[in-house]
Structures are given as structure tokens and as C-alpha cells.
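Undergrad: You'll find structure29.cif just under this line, and it carries mmCIF, C-alpha atoms.
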```cif
data_protein
loop_
_atom_site.label_atom_id
_atom_site.label_comp_id
_atom_site.auth_asym_id
_atom_site.auth_seq_id
_atom_site.Cartn_x
_atom_site.Cartn_y
_atom_site.Cartn_z
CA MET A 1 -56.02 -25.64 -21.84
CA LYS A 2 -58.27 -25.46 -24.92
CA ALA A 3 -56.94 -24.71 -28.41
CA ASN A 4 -58.45 -21.22 -28.48
CA ASP A 5 -57.57 -20.23 -24.92
CA PRO A 6 -55.24 -17.26 -24.56
CA LEU A 7 -51.74 -18.04 -23.34
CA PRO A 8 -50.15 -16.84 -20.13
CA ILE A 9 -46.68 -15.39 -20.62
CA GLY A 10 -44.97 -18.45 -19.10
CA GLU A 11 -46.65 -20.79 -21.57
CA LEU A 12 -45.79 -18.46 -24.45
CA ALA A 13 -42.16 -18.50 -23.28
CA ARG A 14 -42.19 -22.30 -23.13
CA ARG A 15 -43.71 -22.63 -26.62
CA THR A 16 -41.32 -20.15 -28.27
CA GLY A 17 -38.12 -20.86 -26.36
CA LEU A 18 -37.88 -17.20 -25.36
CA THR A 19 -37.47 -15.93 -21.85
CA VAL A 20 -40.31 -14.09 -20.18
CA SER A 21 -38.16 -10.94 -20.13
CA ALA A 22 -37.58 -11.22 -23.91
CA ILE A 23 -41.34 -11.46 -24.49
CA ARG A 24 -41.87 -8.39 -22.29
CA PHE A 25 -39.18 -6.58 -24.30
CA TYR A 26 -40.94 -7.39 -27.60
CA GLU A 27 -44.23 -6.34 -26.00
CA ASP A 28 -42.68 -3.01 -24.95
CA LYS A 29 -41.56 -2.54 -28.57
CA GLY A 30 -45.13 -3.16 -29.76
CA LEU A 31 -44.30 -6.36 -31.65
CA VAL A 32 -46.82 -8.38 -29.62
CA GLU A 33 -49.73 -7.24 -27.51
CA SER A 34 -51.17 -8.67 -24.35
CA TRP A 35 -54.15 -7.91 -22.21
CA ARG A 36 -54.63 -8.32 -18.48
CA THR A 37 -56.94 -10.68 -16.70
CA SER A 38 -58.96 -9.58 -13.69
CA GLY A 39 -56.04 -10.92 -11.63
CA ASN A 40 -53.66 -8.59 -13.57
CA GLN A 41 -51.94 -11.46 -15.41
CA ARG A 42 -50.78 -11.04 -19.01
CA ARG A 43 -52.51 -13.08 -21.69
CA PHE A 44 -51.44 -13.43 -25.31
CA PHE A 45 -53.06 -14.67 -28.49
CA ARG A 46 -51.93 -18.09 -29.72
CA SER A 47 -50.96 -16.39 -32.98
CA ASP A 48 -48.20 -14.64 -31.00
CA ILE A 49 -46.30 -17.95 -31.05
CA ARG A 50 -45.83 -17.43 -34.79
CA ARG A 51 -45.16 -13.71 -34.45
CA LEU A 52 -42.39 -14.34 -31.92
CA SER A 53 -40.99 -17.19 -33.99
CA PHE A 54 -40.90 -14.87 -37.00
CA ILE A 55 -39.02 -12.27 -34.94
CA LEU A 56 -36.38 -14.84 -34.01
CA ILE A 57 -35.96 -16.03 -37.60
CA ALA A 58 -35.83 -12.49 -38.99
CA GLN A 59 -33.15 -11.50 -36.50
CA ARG A 60 -31.11 -14.59 -37.43
CA LEU A 61 -31.36 -13.42 -41.05
CA GLY A 62 -29.79 -10.13 -39.97
CA LEU A 63 -32.86 -7.88 -39.91
CA SER A 64 -32.80 -5.10 -37.37
CA LEU A 65 -35.58 -4.75 -34.84
CA THR A 66 -36.85 -1.75 -36.82
CA GLN A 67 -37.02 -3.86 -39.98
CA VAL A 68 -38.83 -6.61 -38.08
CA GLU A 69 -41.28 -4.04 -36.75
CA GLN A 70 -41.95 -2.75 -40.28
CA ALA A 71 -42.54 -6.28 -41.55
CA LEU A 72 -44.92 -7.11 -38.71
CA ALA A 73 -46.85 -3.85 -39.03
CA GLY A 74 -49.00 -5.36 -41.77
CA LEU A 75 -49.86 -8.50 -39.85
CA PRO A 76 -53.18 -8.84 -38.07
CA GLN A 77 -53.27 -9.00 -34.29
CA GLY A 78 -55.34 -11.75 -32.78
CA ARG A 79 -55.43 -14.20 -35.67
CA THR A 80 -52.90 -16.54 -37.13
CA PRO A 81 -51.40 -14.96 -40.23
CA ASN A 82 -52.45 -16.66 -43.44
CA ALA A 83 -50.37 -17.60 -46.49
CA SER A 84 -51.03 -14.25 -48.16
CA ASP A 85 -49.84 -12.34 -45.06
CA TRP A 86 -46.60 -14.31 -44.96
CA GLU A 87 -46.09 -14.02 -48.73
CA ALA A 88 -46.20 -10.22 -48.46
CA ILE A 89 -43.70 -10.21 -45.61
CA SER A 90 -41.37 -12.70 -47.28
CA GLY A 91 -41.37 -10.55 -50.43
CA GLN A 92 -40.19 -7.55 -48.41
CA ILE A 93 -37.50 -9.58 -46.70
CA ARG A 94 -36.40 -11.19 -49.98
CA VAL A 95 -35.63 -7.74 -51.42
CA ARG A 96 -33.46 -6.91 -48.40
CA LEU A 97 -31.71 -10.28 -48.49
CA ASP A 98 -31.05 -10.01 -52.23
CA ALA A 99 -29.42 -6.61 -51.66
CA GLN A 100 -27.30 -8.04 -48.82
CA ILE A 101 -26.28 -11.00 -50.99
CA ALA A 102 -25.31 -8.69 -53.87
CA SER A 103 -23.23 -6.57 -51.50
CA LEU A 104 -21.48 -9.64 -50.07
CA GLU A 105 -20.81 -11.01 -53.57
CA LYS A 106 -19.25 -7.70 -54.59
CA LEU A 107 -17.12 -7.72 -51.46
CA ARG A 108 -16.06 -11.32 -52.10
CA ASP A 109 -15.23 -10.64 -55.76
CA ASN A 110 -13.13 -7.57 -54.92
CA LEU A 111 -11.48 -8.99 -51.82
CA ASP A 112 -8.51 -10.64 -53.54
CA GLY A 113 -7.73 -7.69 -55.80
CA CYS A 114 -7.89 -4.81 -53.37
CA ILE A 115 -7.47 -4.35 -49.66
CA GLY A 116 -9.75 -1.34 -49.89
CA CYS A 117 -7.54 1.26 -48.27
CA GLY A 118 -6.80 3.51 -51.23
CA CYS A 119 -3.06 3.19 -50.57
CA LEU A 120 -1.98 2.82 -54.21
CA SER A 121 0.58 0.24 -53.08
CA LEU A 122 -0.76 -2.61 -55.18
CA LYS A 123 -0.22 -2.77 -58.93
CA SER A 124 -3.97 -3.06 -59.45
CA CYS A 125 -4.74 0.05 -57.38
CA ALA A 126 -4.22 2.12 -60.51
CA LEU A 127 -7.30 0.33 -61.83
CA TYR A 128 -9.38 0.28 -58.65
CA ASN A 129 -8.41 3.67 -57.30
CA ARG A 130 -7.08 5.79 -60.14
CA ASP A 131 -5.67 9.12 -58.91
CA ASP A 132 -6.57 8.14 -55.34
CA ALA A 133 -10.27 8.87 -55.94
CA ALA A 134 -11.14 6.75 -52.90
CA ALA A 135 -9.68 9.43 -50.64
CA SER A 136 -12.84 11.48 -51.23
CA GLY A 137 -14.80 8.71 -49.45
CA GLY A 138 -13.05 9.42 -46.17
CA SER A 139 -10.40 7.63 -44.20
CA GLY A 140 -10.22 3.88 -43.78
CA PRO A 141 -11.21 1.05 -46.11
CA SER A 142 -13.70 2.98 -48.17
CA VAL A 143 -13.53 0.75 -51.25
CA LEU A 144 -14.80 -2.42 -49.56
CA ARG A 145 -17.36 -0.96 -47.15
#
```
Here is the file; what I need is its structure written in the form of C-alpha cells.

TA:
Amino acid sequence: MKANDPLPIGELARRTGLTVSAIRFYEDKGLVESWRTSGNQRRFFRSDIRRLSFILIAQRLGLSLTQVEQALAGLPQGRTPNASDWEAISGQIRVRLDAQIASLEKLRDNLDGCIGCGCLSLKSCALYNRDDAAASGGSGPSVLR
């Protein structure tokens, strides 16, 4: 197989570590595209190795499939993304990750002082939940959501 030859789905699965059914799923979602040979076999661009690898990494980082789709929407089909393409995507993801980190830090910092239920049973609840204001947020642990 030459360096520029398109990849059959089995080879793409081998190179990415994904199952064939997972690749078909991502294809159905429009995250990768294939074309058919005269023998009706799927073929993929070699650049899809990187696209699929990106999908796996993004999902490990906690991005939803919709967020992955939005990030990939700006990438070119049929050519390996260049440094500028990836820089744009990583900037978008960095903003999301920074927001998630800030939320987790807030949760961590408040965890010891409040169980988040609005119960007014702790001495500090008068500070965190004066006059049971958290009740307006609905039932359950509304303070630490």
C-alpha cells in the first residue's frame, strides 16, 4: 500500500484502534467521510487517522459528540490538518476546559464548607445560604451543582 493510497475501513480500524462499527458510527454522524469503490467497499482518506484520533482524545477530555462535531467542522476533508487548523481547534477546546477547571475548583473549594443542600443545619449555612435562598434553585444539592 502506497503512502497516498486511500484506506479500507479495516486498515483504518487497525491504525486507530477503533472497531469497524465505531468508525461506521462516526461516519454516520458525519465526523469522517468515505467513498465507495467499484466493488462497493468503503475507502477513507489517510487524514482520517488523525480525525479519529482527535475524536478519541476529545472524548477522553470530556467533550460531547456535539462539541467534537463543532470542533471538526472547520477541518478540511481529504488533507491532513496543518498546525494552524489544530491551533484553532485547541483554542476552542482550551476555553471549554478552562471553564470546566474553574467549575471543578469552585466545587473543590466549597466542598468542605457546605454539603450543598440548603438545609441550614451547618453553622456556616447562614453564610452560604442566608435565609434559605438556595431553595429558589429547586430541590436537591443546588449550591454545588

Undergrad: Write out as a count of residues only each polymer residue whose atoms come within 9 Å of stretch 34-42 of chain A, counting only C-alpha atoms; drop sequence neighbours fewer than 4 positions from it.

TA: 4

Undergrad: Would you kindly return, as a VMD selection string, each protein, DNA or RNA residue with an atom no farther than 10 Å from any atom of A:Leu12, considering only C-alpha atoms and excluding same-chain residues fewer than 4 positions away?

TA: chain A and resid 6 to 8 16 to 20 23 43 to 46 48 to 49 52

Undergrad: For this structure, which residues satisfy the selection - the PyMOL selection byres ((chain A and resi 86-94) around 9) - when it is evaluated on the file as given? I want them as a list in words.

TA: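 Applying the expression gives Ala58, Leu63, Gln67, Ala71, Leu72, Gly74, Leu75, Pro81, Asn82, Ala83, Ser84, Asp85, Val95, Arg96, Leu97, Asp98 and Ala99 of chain A.
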
Undergrad: Adding 3 Å on each side of the box along x, y and z that holds all listed atoms of stretch 50-60 of chain A, could you give its centre and edge lengths in Å to one decimal, as JSON?

TA:
```
{"center_x": -38.5, "center_y": -14.5, "center_z": -35.5, "size_x": 20.7, "size_y": 11.9, "size_z": 13.1}
```

Undergrad: Assuming the chain letters and numbering stay as they are in my file, what does the PyMOL selection byres ((chain A and resi 65) around 12) actually select? List them as an MDAnalysis selection string.

TA: chainID A and resid 25:26 29:31 54:64 66:72

Undergrad: For atom CA of A:Glu11 and atom CA of A:Gln77, quote the distance in Å rounded to one decimal.

TA: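 Those two atoms sit 18.6 Å apart.
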
Undergrad: What is the atom CA of A:Arg14-atom CA of A:Glu33 distance in Å, reported with one decimal?

TA: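 We find that atom CA of A:Arg14 and atom CA of A:Glu33 lie 17.4 Å from each other.
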
Undergrad: Using Å and a single decimal, report how far atom CA of A:Ser47 sits from atom CA of A:Pro76.

TA: 9.4 Å

Undergrad: Can you put N, CA and C atoms back into stretch 90-111 of chain A and show it as a tab-separated table (two decimals), keeping the file's coordinate frame?

TA:
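To be explicit, this is the file written out as selection05.tsv:
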```tsv
chain	number	residue	atom	x	y	z
A	90	SER	N	-42.55	-12.05	-46.72
A	90	SER	CA	-41.37	-12.70	-47.28
A	90	SER	C	-40.88	-11.96	-48.52
A	91	GLY	N	-41.78	-11.35	-49.27
A	91	GLY	CA	-41.37	-10.55	-50.43
A	91	GLY	C	-40.54	-9.35	-50.01
A	92	GLN	N	-40.95	-8.69	-48.93
A	92	GLN	CA	-40.19	-7.55	-48.41
A	92	GLN	C	-38.81	-7.99	-47.94
A	93	ILE	N	-38.77	-9.09	-47.23
A	93	ILE	CA	-37.50	-9.58	-46.70
A	93	ILE	C	-36.60	-10.06	-47.83
A	94	ARG	N	-37.17	-10.70	-48.83
A	94	ARG	CA	-36.40	-11.19	-49.98
A	94	ARG	C	-35.65	-10.05	-50.66
A	95	VAL	N	-36.30	-8.90	-50.81
A	95	VAL	CA	-35.63	-7.74	-51.42
A	95	VAL	C	-34.42	-7.33	-50.59
A	96	ARG	N	-34.58	-7.27	-49.28
A	96	ARG	CA	-33.46	-6.91	-48.40
A	96	ARG	C	-32.34	-7.95	-48.47
A	97	LEU	N	-32.72	-9.22	-48.44
A	97	LEU	CA	-31.71	-10.28	-48.49
A	97	LEU	C	-30.97	-10.28	-49.83
A	98	ASP	N	-31.70	-10.07	-50.92
A	98	ASP	CA	-31.05	-10.01	-52.23
A	98	ASP	C	-30.03	-8.88	-52.29
A	99	ALA	N	-30.36	-7.74	-51.69
A	99	ALA	CA	-29.42	-6.61	-51.66
A	99	ALA	C	-28.20	-6.96	-50.80
A	100	GLN	N	-28.42	-7.63	-49.67
A	100	GLN	CA	-27.30	-8.04	-48.82
A	100	GLN	C	-26.42	-9.06	-49.54
A	101	ILE	N	-27.03	-9.99	-50.25
A	101	ILE	CA	-26.28	-11.00	-50.99
A	101	ILE	C	-25.44	-10.33	-52.08
A	102	ALA	N	-26.04	-9.40	-52.81
A	102	ALA	CA	-25.31	-8.69	-53.87
A	102	ALA	C	-24.11	-7.94	-53.29
A	103	SER	N	-24.31	-7.31	-52.15
A	103	SER	CA	-23.23	-6.57	-51.50
A	103	SER	C	-22.11	-7.52	-51.06
A	104	LEU	N	-22.48	-8.65	-50.49
A	104	LEU	CA	-21.48	-9.64	-50.07
A	104	LEU	C	-20.75	-10.24	-51.27
A	105	GLU	N	-21.47	-10.48	-52.37
A	105	GLU	CA	-20.81	-11.01	-53.57
A	105	GLU	C	-19.81	-10.01	-54.13
A	106	LYS	N	-20.17	-8.74	-54.13
A	106	LYS	CA	-19.25	-7.70	-54.59
A	106	LYS	C	-18.01	-7.65	-53.70
A	107	LEU	N	-18.23	-7.71	-52.40
A	107	LEU	CA	-17.12	-7.72	-51.46
A	107	LEU	C	-16.22	-8.92	-51.71
A	108	ARG	N	-16.82	-10.10	-51.85
A	108	ARG	CA	-16.06	-11.32	-52.10
A	108	ARG	C	-15.25	-11.21	-53.40
A	109	ASP	N	-15.89	-10.71	-54.46
A	109	ASP	CA	-15.23	-10.64	-55.76
A	109	ASP	C	-14.10	-9.63	-55.78
A	110	ASN	N	-14.18	-8.59	-54.96
A	110	ASN	CA	-13.13	-7.57	-54.92
A	110	ASN	C	-12.07	-7.84	-53.85
A	111	LEU	N	-12.35	-8.77	-52.98
A	111	LEU	CA	-11.48	-8.99	-51.82
A	111	LEU	C	-10.04	-9.35	-52.20
```
